[in-house]
Each structure stands twice: as C-alpha cells, then as structure tokens.
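For reference, my_file.cif is printed below; it contains mmCIF, C-alpha atoms.
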```cif
data_upload
#
loop_
_atom_site.label_atom_id
_atom_site.label_comp_id
_atom_site.auth_asym_id
_atom_site.auth_seq_id
_atom_site.Cartn_x
_atom_site.Cartn_y
_atom_site.Cartn_z
CA MET P 1 -42.45 -54.26 9.23
CA SER P 2 -42.41 -52.26 12.43
CA GLU P 3 -42.09 -53.65 15.95
CA ARG P 4 -45.23 -54.96 17.59
CA ASP P 5 -46.16 -55.16 21.20
CA ALA P 6 -45.85 -58.70 22.58
CA ASP P 7 -49.20 -58.57 24.45
CA THR P 8 -51.54 -56.54 22.29
CA GLY P 9 -50.08 -57.11 18.82
CA LEU P 10 -50.47 -53.39 18.09
CA PRO P 11 -47.57 -51.49 16.51
CA ARG P 12 -45.31 -50.13 19.20
CA VAL P 13 -44.83 -46.37 19.24
CA LEU P 14 -42.25 -44.02 20.73
CA GLY P 15 -42.84 -40.40 21.74
CA CYS P 16 -40.23 -37.71 21.13
CA GLU P 17 -39.22 -35.99 24.37
CA SER P 18 -38.12 -32.87 22.55
CA CYS P 19 -40.93 -32.18 20.05
CA GLY P 20 -43.72 -34.57 21.09
CA LEU P 21 -44.10 -36.36 17.74
CA VAL P 22 -45.19 -40.00 18.03
CA SER P 23 -43.43 -42.46 15.70
CA GLN P 24 -43.66 -46.21 15.18
CA ALA P 25 -40.85 -48.13 16.81
CA ALA P 26 -38.59 -49.48 14.04
CA THR P 27 -36.90 -52.86 14.09
CA ILE P 28 -33.13 -52.87 14.46
CA ASP P 29 -32.71 -53.70 10.74
CA GLU P 30 -34.72 -50.66 9.69
CA ARG P 31 -33.21 -48.08 11.98
CA GLY P 32 -29.59 -49.14 12.12
CA PHE P 33 -27.99 -48.24 15.42
CA LEU P 34 -30.29 -45.56 16.89
CA GLN P 35 -33.76 -44.45 15.88
CA GLN P 36 -34.16 -40.71 15.49
CA CYS P 37 -37.28 -38.58 15.53
CA PRO P 38 -38.23 -37.94 11.87
CA ARG P 39 -39.25 -34.37 12.68
CA CYS P 40 -36.51 -33.05 14.97
CA GLY P 41 -33.73 -35.66 15.02
CA GLN P 42 -33.87 -36.38 18.76
CA VAL P 43 -32.82 -39.97 19.55
CA LEU P 44 -35.90 -42.07 20.41
CA ARG P 45 -35.55 -44.78 23.06
CA GLU P 46 -37.80 -47.17 24.96
CA THR P 47 -35.84 -46.29 28.10
CA LYS P 48 -32.72 -44.27 28.83
CA PRO P 49 -29.50 -46.26 28.30
CA PHE P 50 -27.97 -47.89 31.40
CA ALA P 51 -30.51 -45.99 33.51
CA LEU P 52 -30.18 -48.15 36.64
CA GLN P 53 -26.38 -48.46 36.51
CA ARG P 54 -25.95 -44.71 36.11
CA THR P 55 -28.46 -43.92 38.84
CA TRP P 56 -26.77 -46.32 41.28
CA ALA P 57 -23.31 -44.93 40.46
CA CYS P 58 -24.42 -41.33 41.13
CA VAL P 59 -26.46 -42.23 44.23
CA VAL P 60 -23.62 -44.19 45.84
CA ALA P 61 -21.07 -41.47 45.03
CA ALA P 62 -23.41 -38.81 46.45
CA ALA P 63 -24.03 -40.84 49.62
CA VAL P 64 -20.27 -41.27 50.19
CA LEU P 65 -19.55 -37.57 49.64
CA TYR P 66 -22.44 -36.61 51.89
CA VAL P 67 -20.29 -37.69 54.90
CA PRO P 68 -17.46 -35.13 54.40
CA ALA P 69 -20.07 -32.57 53.29
CA ASN P 70 -21.54 -32.75 56.80
CA ALA P 71 -18.39 -33.46 58.81
CA LEU P 72 -16.13 -30.76 57.32
CA PRO P 73 -16.79 -27.03 57.66
CA VAL P 74 -18.58 -25.42 54.71
CA MET P 75 -17.77 -21.89 55.81
CA VAL P 76 -14.87 -20.29 57.70
CA THR P 77 -15.39 -16.88 59.33
CA THR P 78 -12.59 -14.69 60.62
CA SER P 79 -13.08 -11.62 62.76
CA ALA P 80 -10.76 -9.53 64.95
CA PHE P 81 -10.54 -12.10 67.73
CA GLN P 82 -12.04 -15.27 66.37
CA HIS P 83 -11.58 -17.88 63.73
CA ASP P 84 -14.72 -20.00 63.41
CA GLU P 85 -15.55 -22.99 61.29
CA HIS P 86 -19.18 -23.72 60.48
CA THR P 87 -20.58 -27.05 59.35
CA LEU P 88 -23.96 -27.40 57.64
CA LEU P 89 -25.73 -28.51 60.81
CA GLY P 90 -23.75 -25.98 62.88
CA GLY P 91 -25.00 -23.13 60.69
CA ILE P 92 -28.59 -24.29 61.14
CA HIS P 93 -28.05 -24.56 64.91
CA GLU P 94 -26.73 -20.97 65.02
CA LEU P 95 -29.78 -19.70 63.14
CA TRP P 96 -31.98 -21.60 65.59
CA LEU P 97 -30.20 -20.08 68.61
CA ASP P 98 -30.51 -16.59 67.09
CA GLY P 99 -34.26 -17.10 67.11
CA SER P 100 -34.63 -17.23 63.31
CA TRP P 101 -36.62 -20.47 63.44
CA SER P 102 -38.23 -20.06 60.05
CA LEU P 103 -34.84 -19.50 58.41
CA ALA P 104 -33.38 -22.46 60.27
CA ALA P 105 -36.25 -24.56 58.92
CA ILE P 106 -35.69 -23.35 55.33
CA VAL P 107 -31.96 -24.09 55.46
CA PHE P 108 -32.60 -27.46 57.14
CA ILE P 109 -35.01 -28.45 54.37
CA ALA P 110 -32.67 -27.26 51.60
CA SER P 111 -29.36 -28.59 52.95
CA ILE P 112 -30.29 -31.69 54.96
CA ALA P 113 -33.80 -32.89 54.08
CA VAL P 114 -33.69 -32.46 50.28
CA PRO P 115 -30.30 -34.18 49.70
CA MET P 116 -31.26 -37.07 52.02
CA LEU P 117 -34.67 -37.36 50.32
CA LYS P 118 -32.99 -37.45 46.91
CA ILE P 119 -30.40 -40.08 47.86
CA GLY P 120 -32.96 -42.24 49.70
CA ALA P 121 -35.75 -41.89 47.14
CA LEU P 122 -33.57 -42.58 44.10
CA GLY P 123 -32.01 -45.57 45.84
CA LEU P 124 -35.50 -46.89 46.63
CA LEU P 125 -36.73 -46.23 43.07
CA ALA P 126 -33.73 -47.98 41.50
CA TRP P 127 -34.01 -50.93 43.91
CA THR P 128 -37.75 -51.47 43.43
CA VAL P 129 -37.43 -51.56 39.61
CA ARG P 130 -35.52 -54.83 39.98
CA HIS P 131 -36.91 -56.30 43.16
CA ARG P 132 -40.48 -55.02 43.67
CA PRO P 133 -41.63 -54.06 40.16
CA ARG P 134 -45.36 -54.21 40.97
CA TRP P 135 -45.24 -52.40 44.31
CA ARG P 136 -47.15 -49.06 44.47
CA ARG P 137 -46.32 -47.90 40.94
CA LEU P 138 -48.34 -44.68 41.09
CA GLU P 139 -46.77 -43.61 44.39
CA ARG P 140 -43.30 -44.34 43.02
CA ALA P 141 -44.05 -42.25 39.91
CA ARG P 142 -45.18 -39.40 42.17
CA LEU P 143 -42.08 -39.77 44.35
CA TYR P 144 -39.88 -39.42 41.27
CA ARG P 145 -41.69 -36.25 40.20
CA LEU P 146 -41.30 -34.86 43.74
CA VAL P 147 -37.53 -35.52 43.63
CA GLU P 148 -37.36 -33.82 40.22
CA THR P 149 -39.24 -30.76 41.51
CA VAL P 150 -37.47 -30.11 44.82
CA GLY P 151 -34.00 -31.20 43.64
CA HIS P 152 -32.73 -27.73 42.75
CA TRP P 153 -33.25 -26.34 46.22
CA SER P 154 -30.26 -28.08 47.78
CA MET P 155 -28.04 -25.54 45.99
CA LEU P 156 -29.25 -22.87 48.43
CA ASP P 157 -26.39 -23.14 50.94
CA VAL P 158 -23.78 -23.18 48.15
CA TYR P 159 -25.06 -19.83 46.89
CA VAL P 160 -25.17 -18.38 50.41
CA VAL P 161 -21.52 -19.26 51.13
CA VAL P 162 -20.39 -17.96 47.70
CA LEU P 163 -22.24 -14.67 48.29
CA LEU P 164 -21.00 -14.23 51.87
CA ALA P 165 -17.41 -14.96 50.82
CA ALA P 166 -17.69 -12.37 48.02
CA THR P 167 -19.14 -9.57 50.17
CA VAL P 168 -17.58 -10.01 53.60
CA ARG P 169 -14.07 -8.86 52.65
CA PHE P 170 -12.91 -6.52 55.34
CA GLY P 171 -9.50 -8.10 55.82
CA PRO P 172 -8.64 -8.92 59.44
CA LEU P 173 -11.77 -7.15 60.72
CA ALA P 174 -14.18 -9.64 59.20
CA SER P 175 -13.94 -12.08 56.35
CA VAL P 176 -15.68 -15.24 55.19
CA GLY P 177 -14.21 -18.08 53.19
CA ALA P 178 -15.47 -21.38 51.85
CA GLY P 179 -14.48 -24.55 53.70
CA LEU P 180 -13.56 -27.96 52.32
CA GLY P 181 -17.03 -29.29 53.09
CA LEU P 182 -18.51 -26.94 50.51
CA ILE P 183 -16.77 -28.77 47.62
CA SER P 184 -18.16 -32.10 48.83
CA PHE P 185 -21.61 -30.61 49.31
CA THR P 186 -21.62 -29.04 45.83
CA ALA P 187 -20.55 -32.41 44.41
CA VAL P 188 -23.42 -34.09 46.30
CA VAL P 189 -25.91 -31.64 44.78
CA VAL P 190 -24.58 -32.11 41.23
CA LEU P 191 -24.38 -35.91 41.58
CA THR P 192 -27.97 -36.16 42.86
CA MET P 193 -29.08 -34.03 39.90
CA PHE P 194 -27.34 -36.41 37.50
CA ALA P 195 -28.83 -39.38 39.37
CA THR P 196 -32.32 -37.88 38.92
CA TRP P 197 -31.81 -37.35 35.21
CA SER P 198 -30.29 -40.76 34.54
CA PHE P 199 -33.15 -42.63 36.23
CA ASP P 200 -35.97 -43.42 33.82
CA PRO P 201 -39.50 -43.30 35.32
CA ARG P 202 -40.73 -45.49 32.45
CA LEU P 203 -38.93 -48.38 34.21
CA ILE P 204 -41.51 -48.12 37.00
CA TRP P 205 -44.24 -49.02 34.48
CA ARG P 206 -42.46 -51.85 32.69
CA ASP P 207 -44.98 -54.67 32.03
CA ALA P 208 -47.77 -52.64 33.64
CA PRO P 209 -51.25 -52.81 32.07
CA ALA P 210 -52.53 -49.62 30.44
CA ASP P 211 -54.89 -48.98 33.35
CA GLY P 212 -52.12 -49.99 35.74
CA ARG P 213 -53.34 -48.07 38.77
CA ALA P 214 -54.78 -51.17 40.37
CA ALA P 215 -51.83 -53.45 39.54
CA MET U 1 -46.93 -41.22 8.25
CA ALA U 2 -48.04 -38.36 10.49
CA GLY U 3 -51.65 -39.29 9.65
CA ILE U 4 -52.42 -41.47 12.65
CA GLU U 5 -49.50 -40.44 14.83
CA GLY U 6 -50.46 -36.78 14.64
CA SER U 7 -53.46 -37.49 16.85
CA LEU U 8 -51.47 -39.50 19.39
CA SER U 9 -49.45 -38.45 22.38
CA VAL U 10 -47.02 -40.52 24.46
CA CYS U 11 -46.54 -39.87 28.18
CA ASP U 12 -42.88 -38.90 28.79
CA ASP U 13 -42.99 -40.36 32.30
CA CYS U 14 -44.43 -43.84 31.67
CA GLY U 15 -44.60 -44.35 27.88
CA LEU U 16 -48.39 -44.91 27.70
CA VAL U 17 -50.00 -43.88 24.39
CA HIS U 18 -52.98 -41.51 24.52
CA ARG U 19 -55.36 -40.26 21.87
CA TRP U 20 -54.79 -36.53 21.68
CA GLN U 21 -57.67 -34.07 21.64
CA PRO U 22 -57.49 -30.27 21.48
CA LEU U 23 -57.76 -28.91 25.02
CA GLY U 24 -60.33 -26.42 26.20
CA HIS U 25 -59.29 -23.21 27.89
CA GLY U 26 -57.32 -23.69 31.10
CA VAL U 27 -57.42 -27.49 30.90
CA VAL U 28 -54.50 -29.66 31.99
CA ALA U 29 -54.30 -33.10 30.36
CA ARG U 30 -52.88 -35.81 32.62
CA CYS U 31 -51.71 -39.35 31.92
CA SER U 32 -54.46 -41.82 32.77
CA ARG U 33 -51.90 -44.23 34.25
CA CYS U 34 -49.15 -42.27 36.04
CA ASP U 35 -50.88 -38.88 36.46
CA ALA U 36 -48.02 -36.93 34.79
CA VAL U 37 -48.95 -33.76 32.91
CA LEU U 38 -49.33 -34.56 29.20
CA GLY U 39 -50.08 -31.03 28.10
CA ARG U 40 -51.78 -27.77 28.97
CA SER U 41 -53.88 -25.44 26.93
CA HIS U 42 -51.77 -22.38 26.31
CA ARG U 43 -53.03 -18.99 27.35
CA LEU U 44 -49.94 -17.29 26.00
CA SER U 45 -49.65 -16.69 22.27
CA ILE U 46 -46.26 -16.91 20.61
CA ASP U 47 -46.10 -13.10 20.53
CA SER U 48 -46.76 -12.84 24.26
CA VAL U 49 -43.97 -15.33 24.97
CA LEU U 50 -41.67 -13.32 22.71
CA ALA U 51 -42.56 -10.11 24.57
CA LEU U 52 -41.90 -11.76 27.93
CA THR U 53 -38.57 -13.11 26.65
CA VAL U 54 -37.45 -9.66 25.47
CA ALA U 55 -38.34 -8.32 28.92
CA ALA U 56 -36.43 -11.19 30.54
CA ALA U 57 -33.35 -10.37 28.42
CA ALA U 58 -33.34 -6.78 29.71
CA VAL U 59 -33.94 -7.88 33.31
CA TYR U 60 -31.19 -10.51 33.01
CA LEU U 61 -28.63 -7.86 32.02
CA VAL U 62 -29.59 -5.78 35.07
CA ALA U 63 -29.53 -8.86 37.33
CA VAL U 64 -25.99 -9.90 36.43
CA SER U 65 -24.37 -6.48 36.15
CA THR U 66 -25.68 -4.55 39.17
CA PRO U 67 -24.87 -5.22 42.86
CA LEU U 68 -26.97 -7.90 44.55
CA MET U 69 -26.21 -6.44 47.95
CA THR U 70 -24.06 -3.81 49.59
CA LEU U 71 -22.34 -4.21 52.93
CA THR U 72 -21.02 -1.44 55.16
CA LEU U 73 -18.84 -2.16 58.18
CA ARG U 74 -17.77 0.96 60.12
CA GLY U 75 -16.93 2.94 57.01
CA PRO U 76 -15.62 0.60 54.30
CA THR U 77 -18.21 -0.67 51.85
CA GLU U 78 -18.28 -3.89 49.83
CA SER U 79 -20.78 -4.73 47.15
CA ALA U 80 -20.98 -7.74 44.88
CA THR U 81 -22.62 -8.50 41.57
CA LEU U 82 -23.26 -12.09 40.49
CA VAL U 83 -20.16 -12.02 38.27
CA ASP U 84 -18.04 -10.64 41.17
CA ALA U 85 -19.25 -13.40 43.47
CA ILE U 86 -18.38 -16.15 40.97
CA LEU U 87 -14.96 -14.63 40.21
CA ALA U 88 -14.26 -14.30 43.94
CA ALA U 89 -15.05 -17.99 44.48
CA TRP U 90 -12.73 -18.88 41.56
CA ARG U 91 -9.85 -16.78 42.95
CA ASP U 92 -10.30 -18.08 46.49
CA GLY U 93 -9.38 -21.54 45.25
CA GLU U 94 -12.89 -22.94 44.73
CA PRO U 95 -12.98 -23.44 40.95
CA PHE U 96 -15.46 -26.35 41.11
CA VAL U 97 -17.95 -24.40 43.21
CA ALA U 98 -17.45 -21.37 40.95
CA ILE U 99 -18.15 -23.42 37.81
CA VAL U 100 -21.32 -24.97 39.26
CA ALA U 101 -22.59 -21.58 40.46
CA ALA U 102 -21.77 -19.99 37.09
CA THR U 103 -23.52 -22.77 35.17
CA THR U 104 -26.72 -22.69 37.20
CA ALA U 105 -27.10 -18.97 37.92
CA LEU U 106 -25.34 -17.28 34.98
CA VAL U 107 -24.97 -19.51 31.90
CA ALA U 108 -28.23 -21.52 32.01
CA PRO U 109 -30.42 -18.39 32.42
CA ALA U 110 -28.49 -16.72 29.57
CA ALA U 111 -29.09 -19.77 27.34
CA PHE U 112 -32.75 -19.85 28.43
CA VAL U 113 -33.19 -16.30 27.11
CA ALA U 114 -30.78 -16.24 24.16
CA PHE U 115 -31.96 -19.46 22.42
CA ARG U 116 -35.59 -18.46 22.92
CA LEU U 117 -34.99 -15.07 21.32
CA TYR U 118 -33.18 -16.71 18.41
CA VAL U 119 -36.07 -19.16 17.90
CA LEU U 120 -39.08 -16.95 18.67
CA PHE U 121 -38.29 -13.95 16.46
CA PRO U 122 -38.34 -16.01 13.22
CA VAL U 123 -41.17 -18.30 14.40
CA SER U 124 -43.44 -15.34 15.18
CA ALA U 125 -42.87 -14.25 11.57
CA GLY U 126 -43.66 -17.78 10.32
CA ILE U 127 -40.06 -18.71 9.45
CA LYS U 128 -38.16 -21.75 10.77
CA PRO U 129 -34.66 -20.58 11.73
CA PRO U 130 -31.61 -22.74 10.88
CA GLY U 131 -30.69 -25.11 13.70
CA PHE U 132 -34.22 -24.95 15.12
CA ALA U 133 -34.29 -28.57 16.38
CA TRP U 134 -30.90 -28.17 18.07
CA CYS U 135 -32.02 -24.92 19.76
CA VAL U 136 -35.16 -26.56 21.19
CA ARG U 137 -33.01 -29.35 22.65
CA ALA U 138 -30.61 -26.76 24.08
CA LEU U 139 -33.61 -25.00 25.67
CA HIS U 140 -34.67 -28.27 27.35
CA GLN U 141 -31.17 -28.48 28.88
CA ALA U 142 -31.15 -24.78 29.89
CA GLU U 143 -34.44 -25.28 31.74
CA ARG U 144 -32.97 -28.21 33.68
CA TRP U 145 -29.91 -26.31 34.82
CA ASN U 146 -31.53 -22.93 35.48
CA MET U 147 -31.69 -22.20 39.22
CA VAL U 148 -32.43 -18.46 39.30
CA GLU U 149 -35.28 -19.03 41.79
CA VAL U 150 -32.96 -20.79 44.27
CA PHE U 151 -30.29 -18.13 43.79
CA THR U 152 -32.79 -15.33 44.57
CA ILE U 153 -33.69 -16.97 47.88
CA GLY U 154 -29.95 -17.47 48.47
CA VAL U 155 -29.35 -13.71 48.20
CA LEU U 156 -32.22 -13.00 50.61
CA LEU U 157 -30.87 -15.55 53.07
CA SER U 158 -27.36 -14.01 52.87
CA LEU U 159 -28.81 -10.57 53.61
CA VAL U 160 -30.54 -11.88 56.72
CA ARG U 161 -27.44 -13.68 57.95
CA LEU U 162 -25.35 -10.52 57.49
CA ALA U 163 -27.85 -8.29 59.26
CA GLY U 164 -26.29 -9.01 62.66
CA LEU U 165 -22.72 -8.45 61.48
CA ALA U 166 -22.91 -5.30 59.38
CA ASP U 167 -25.23 -2.88 57.64
CA ALA U 168 -26.48 -4.94 54.69
CA THR U 169 -28.75 -3.45 52.04
CA PRO U 170 -30.27 -5.17 49.00
CA GLY U 171 -29.09 -3.89 45.63
CA PRO U 172 -30.92 -3.53 42.29
CA GLY U 173 -29.55 -6.92 41.20
CA LEU U 174 -31.61 -8.69 43.85
CA PHE U 175 -34.86 -7.12 42.66
CA ALA U 176 -33.95 -7.95 39.07
CA MET U 177 -33.30 -11.58 40.10
CA GLY U 178 -36.74 -11.71 41.72
CA ALA U 179 -38.37 -10.30 38.58
CA LEU U 180 -36.40 -12.78 36.44
CA THR U 181 -37.72 -15.69 38.52
CA VAL U 182 -41.32 -14.65 37.81
CA LEU U 183 -40.66 -14.00 34.11
CA PHE U 184 -38.93 -17.38 33.67
CA ALA U 185 -41.79 -19.20 35.36
CA SER U 186 -44.37 -17.66 33.02
CA ILE U 187 -42.19 -18.22 29.92
CA ALA U 188 -41.50 -21.85 30.86
CA SER U 189 -45.22 -22.49 31.44
CA ALA U 190 -45.78 -21.92 27.71
CA GLY U 191 -43.87 -25.15 27.03
CA LEU U 192 -41.31 -26.14 24.42
CA LYS U 193 -43.00 -28.92 22.44
CA ARG U 194 -45.64 -26.51 21.14
CA LEU U 195 -42.94 -24.59 19.24
CA TRP U 196 -43.05 -27.44 16.75
CA LEU U 197 -46.80 -27.00 16.30
CA ASP U 198 -46.36 -23.27 15.72
CA ILE U 199 -44.05 -23.74 12.74
CA GLU U 200 -46.13 -26.41 11.00
#
```
As structure tokens, please, write out the structure in this file.
Amino acid sequence: MSERDADTGLPRVLGCESCGLVSQAATIDERGFLQQCPRCGQVLRETKPFALQRTWACVVAAAVLYVPANALPVMVTTSAFQHDEHTLLGGIHELWLDGSWSLAAIVFIASIAVPMLKIGALGLLAWTVRHRPRWRRLERARLYRLVETVGHWSMLDVYVVVLLAATVRFGPLASVGAGLGLISFTAVVVLTMFATWSFDPRLIWRDAPADGRAA
Amino acid sequence: MAGIEGSLSVCDDCGLVHRWQPLGHGVVARCSRCDAVLGRSHRLSIDSVLALTVAAAAVYLVAVSTPLMTLTLRGPTESATLVDAILAAWRDGEPFVAIVAATTALVAPAAFVAFRLYVLFPVSAGIKPPGFAWCVRALHQAERWNMVEVFTIGVLLSLVRLAGLADATPGPGLFAMGALTVLFASIASAGLKRLWLDIE
C-alpha cells in the first residue's frame, strides 16, 4: 500500500533529482527511515529537511556578517608614500571617479546588489512560506530561480583581491594585501549560497492546485 | 514498476507530476505550474559531449598552469597562475579565502571534467562504470560549485584595475579560462539526468 494524496486519492509520486526517475511514495513502514531512488540510490524527499530553519540560519548569519564586510577594508594597498585601505563601496567609488562607469556598475551589481538581493529575497521567500503561502506563487518561484542564477557573481570581488594580492608584489614600491573585510565578505557569499541550496522551492507550492497559476 | 512511472516526470522546483513525451528538435519543456525547465531536447550526442569534455580537460590544464596575467613595474616582472594566486592568499594569512577560491575555481572545475571523463568513456561504449550513480551525484555538486565564468571576469577586471598602476598584460591562462567557460556551458547544457537514459 503506497501513500495516497489526501485530495485526489491518486498514488503520490516522488521524482529523483539526480536521475529523474519517478517512484511511488512509500509509507514509513515500507521504506524504513529514508526512501531511496530504486535506480540510482539518491534519497527521495517531499521537501528538503529543515529547509526553513537552515535558510533562516544562513540568511541571518549572512546579514550580520554583511556589516563588517562593508565597514572593514577588503583590500590594503601600499606604495612608496601611501598606505591605503579600500572598502567595497570605496573601491566602486574610485572606479567611478576614474571614469570607468561601466566597471563601477559591474562591481556594484556583483558586490552590493547581488548579496543584498540574495539576503532580502531568501528572507522574503522563507517568510512567505509560513505567513503568505498563497501570495504570488509564480513570481516567488521565479524570484528563487533568479537568486539561484545570479548567486555566483558575488564572488567577483573576492577573486579580484586574491589576484591583485598575488601579482602586485613589488615590496615597498607597490603591494596589495587582503583586508579583514574580505573574510567577512567571502563568508557572506558562501552563506548565501548555502541559504539558496537549503531553501526548497517546493514549499512555495504546498497545497497549491495543479493549475495553481491563478491561486 | 517502471511501466507507468517511465512515462512520468516530476518538476524539481514544485513537485508537480507531468506526463512525459519525447521532445521535438530544439524544444524546451516547461512545468505547467511554476514554469521551471523540465527538460530540453538534446542536440549533442554522447560522443559530442565526450569530445567537448576531452577538449575541456586539455584547456583546464593550460588554464591552471600558465600565467593569467603578467605585471611589469619599472623593470621587475610578476606573473601569477591560478595556483600561485591561491597559494599566495594562503601564505598571506587568508586560509579561508584561499580555500573558497580553490574550491570554486580549481577543484570544482577539475571534478566537473574528471568525473565526466570517467563516466562518459564507458557509457559511449555502452558500459556502465562502477560507482556510476555516485559520480552523477558528484557531478551535480561540481556544477553547483563551479565558478569559472565569474573567475574569468575577475581576471579581466583585475587587468583593468592594474592598467593605471603598471604595465599589465593578459597571459595564456586568461584565454584558456575564457575558452573553458564556453566549453563548460555547452557541456552542462547536455544535462546530467539523460546519462541514465543513455545506459538503459
């Protein structure tokens, strides 16, 4: 006897995320602790375990670390006469003053807009699952896919500082080092990635009808 | 048991069940409820993907072992490969940043290529290699962590920022990184779930 859907009475099925095989959802007596895909052994679940708790934990941690990531310098440059510390926003401002507006825009999107979008969007998605489950499901699903797609790009500034620090090594003449803010910023990027992966978009569609666009 | 289920497909994003039909050329199947991509018809045969992966392996070796950029400041010259840059970050007291950069720009791309080669050579000959299911899961993870495309733009951005300070020239590693980005995109477009169809 396999599990049946409460509304339709049809057997409930689970899709394998790794190989795509569709299996009938087993009852807890049949499957024991976890149900595995009969073809590839991937664990099959209705939703990811503790999805909301994990998402909230990562989002809150990322939001807290985002403060030192912006307040502390990410890059320290030393030249013959100067010792300069650059914050994320400071670096963008310098690019802007140099006249490289397009570059300033790229770095602004990667370092400021994308992390804020990820923290804000995942917080909104996790909150609405509990408190506004019926609100704009399709738009929320699209928002999640947007966060998934653009998420990687916030690593851009981390790579730039690592590369500059590795090449600008001319001793007292000119050298570049990473600042404390870079550790916080890297942690923000990694935490928002984990937050994205721990959220389960299937939660958006819980109790939604099959043609749920209108609901 | 695969009788009925073989013709079904479940949306990974919302869990809705769809009846699966073979797709015509160039067609993208989308979920009728949440609009996520359910599947694409594949232009690339398994042999083409294998060929692209072999090319990517060669390009990867060039990308990680040759200088990404070279910098000259009144005589002395500094150049850095990807491995140099990560080691420099480690030695400068940034082990966390070094580990994240190594995972996303060095290890994940290597896994992306190596596991595919291990899987695709036997599959193209009609054999299922040992540990096949585990390798496909590892490939899903490698795709998540791979950030070669971001790294390539990072190198370009560094070059531009250095242009005012010193004489900065792009190295062969940068071009290899750019080529790797394109190769990875076309390999990834072939999808991972279909590997299971190819061996059955």
List the neighbours of region 177-185 of chain U out to 9 Å using only C-alpha atoms; skip same-chain residues closer than 3 positions along the sequence, and give me the result as a ChimeraX atom specification.
-> /U:52-53,55-57,59-60,62-64,68,109,112-113,147-149,151-153,172-174,188-189
Take the residues from that selection and write them out as a PDB file, in the frame of the given file, keeping C-alpha atoms.
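Full text of out.pdb as output:
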```pdb
ATOM      1  CA  LEU U  52     -41.900 -11.760  27.930  1.00  0.00           C
ATOM      2  CA  THR U  53     -38.570 -13.110  26.650  1.00  0.00           C
ATOM      3  CA  ALA U  55     -38.340  -8.320  28.920  1.00  0.00           C
ATOM      4  CA  ALA U  56     -36.430 -11.190  30.540  1.00  0.00           C
ATOM      5  CA  ALA U  57     -33.350 -10.370  28.420  1.00  0.00           C
ATOM      6  CA  VAL U  59     -33.940  -7.880  33.310  1.00  0.00           C
ATOM      7  CA  TYR U  60     -31.190 -10.510  33.010  1.00  0.00           C
ATOM      8  CA  VAL U  62     -29.590  -5.780  35.070  1.00  0.00           C
ATOM      9  CA  ALA U  63     -29.530  -8.860  37.330  1.00  0.00           C
ATOM     10  CA  VAL U  64     -25.990  -9.900  36.430  1.00  0.00           C
ATOM     11  CA  LEU U  68     -26.970  -7.900  44.550  1.00  0.00           C
ATOM     12  CA  PRO U 109     -30.420 -18.390  32.420  1.00  0.00           C
ATOM     13  CA  PHE U 112     -32.750 -19.850  28.430  1.00  0.00           C
ATOM     14  CA  VAL U 113     -33.190 -16.300  27.110  1.00  0.00           C
ATOM     15  CA  MET U 147     -31.690 -22.200  39.220  1.00  0.00           C
ATOM     16  CA  VAL U 148     -32.430 -18.460  39.300  1.00  0.00           C
ATOM     17  CA  GLU U 149     -35.280 -19.030  41.790  1.00  0.00           C
ATOM     18  CA  PHE U 151     -30.290 -18.130  43.790  1.00  0.00           C
ATOM     19  CA  THR U 152     -32.790 -15.330  44.570  1.00  0.00           C
ATOM     20  CA  ILE U 153     -33.690 -16.970  47.880  1.00  0.00           C
ATOM     21  CA  PRO U 172     -30.920  -3.530  42.290  1.00  0.00           C
ATOM     22  CA  GLY U 173     -29.550  -6.920  41.200  1.00  0.00           C
ATOM     23  CA  LEU U 174     -31.610  -8.690  43.850  1.00  0.00           C
ATOM     24  CA  ALA U 188     -41.500 -21.850  30.860  1.00  0.00           C
ATOM     25  CA  SER U 189     -45.220 -22.490  31.440  1.00  0.00           C
TER      26      SER U 189
END
```
Identify all residues satisfying the PyMOL selection byres ((chain U) within 6 of (chain P)) in the given file; provide them as a VMD selection string.
-> chain U and resid 5 10 13 to 14 33 to 34 78 to 80 85 88 133 150 154 158 193
Pairwise distance for CA of Asp84 (chain U) and CA of Pro67 (chain U), rounded to one decimal in Å |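 Those two atoms sit 8.9 Å apart.
The smallest atom-to-atom distance between Thr77 (chain U) and any of U:Val123, U:Asp167, U:Glu200, U:Phe175, using only C-alpha atoms, is found for U:Asp167.
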CA of Arg134 (chain P) to CA of Val60 (chain P): how many Å, to one decimal?
->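 These atoms are spaced 24.4 Å apart.
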Quick one: everything within 12 Å of Arg116 (chain U), counting all atoms listed in the file, minus sequence neighbours fewer than 4 positions away in the same chain. Send it as a PyMOL selection string.
-> chain U and resi 46+49-54+56-57+109-112+120-124+129+132+134-140+142-143+184+187-188+190-192+195
Give me the residues within 9 Å of Tyr66 (chain P) as a PDB file with C-alpha atoms, in the coordinates of the input, counting all atoms listed in the file and dropping any in the same chain fewer than 4 places off.
```
ATOM      1  CA  ALA P  61     -21.070 -41.470  45.030  1.00  0.00           C
ATOM      2  CA  ALA P  62     -23.410 -38.810  46.450  1.00  0.00           C
ATOM      3  CA  ASN P  70     -21.540 -32.750  56.800  1.00  0.00           C
ATOM      4  CA  ALA P  71     -18.390 -33.460  58.810  1.00  0.00           C
ATOM      5  CA  PRO P 115     -30.300 -34.180  49.700  1.00  0.00           C
ATOM      6  CA  MET P 116     -31.260 -37.070  52.020  1.00  0.00           C
ATOM      7  CA  SER P 184     -18.160 -32.100  48.830  1.00  0.00           C
ATOM      8  CA  PHE P 185     -21.610 -30.610  49.310  1.00  0.00           C
ATOM      9  CA  ALA P 187     -20.550 -32.410  44.410  1.00  0.00           C
ATOM     10  CA  VAL P 188     -23.420 -34.090  46.300  1.00  0.00           C
TER      11      VAL P 188
END
```
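When the PyMOL selection byres ((chain P and resi 104) around 12) is evaluated on the file shown here, the picked residues come out as P:Leu88, P:Leu89, P:Gly90, P:Gly91, P:Ile92, P:His93, P:Glu94, P:Leu95, P:Trp96, P:Leu97, P:Asp98, P:Gly99, P:Ser100, P:Trp101, P:Ser102, P:Leu103, P:Ala105, P:Ile106, P:Val107, P:Phe108, P:Ile109, P:Ala110, P:Ser111, P:Ile112, P:Asp157, U:Leu157, U:Val160, U:Arg161.
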CA of Arg40 (chain U) to CA of Val27 (chain U): how many Å, to one decimal?
->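 A separation of 6.0 Å between them.
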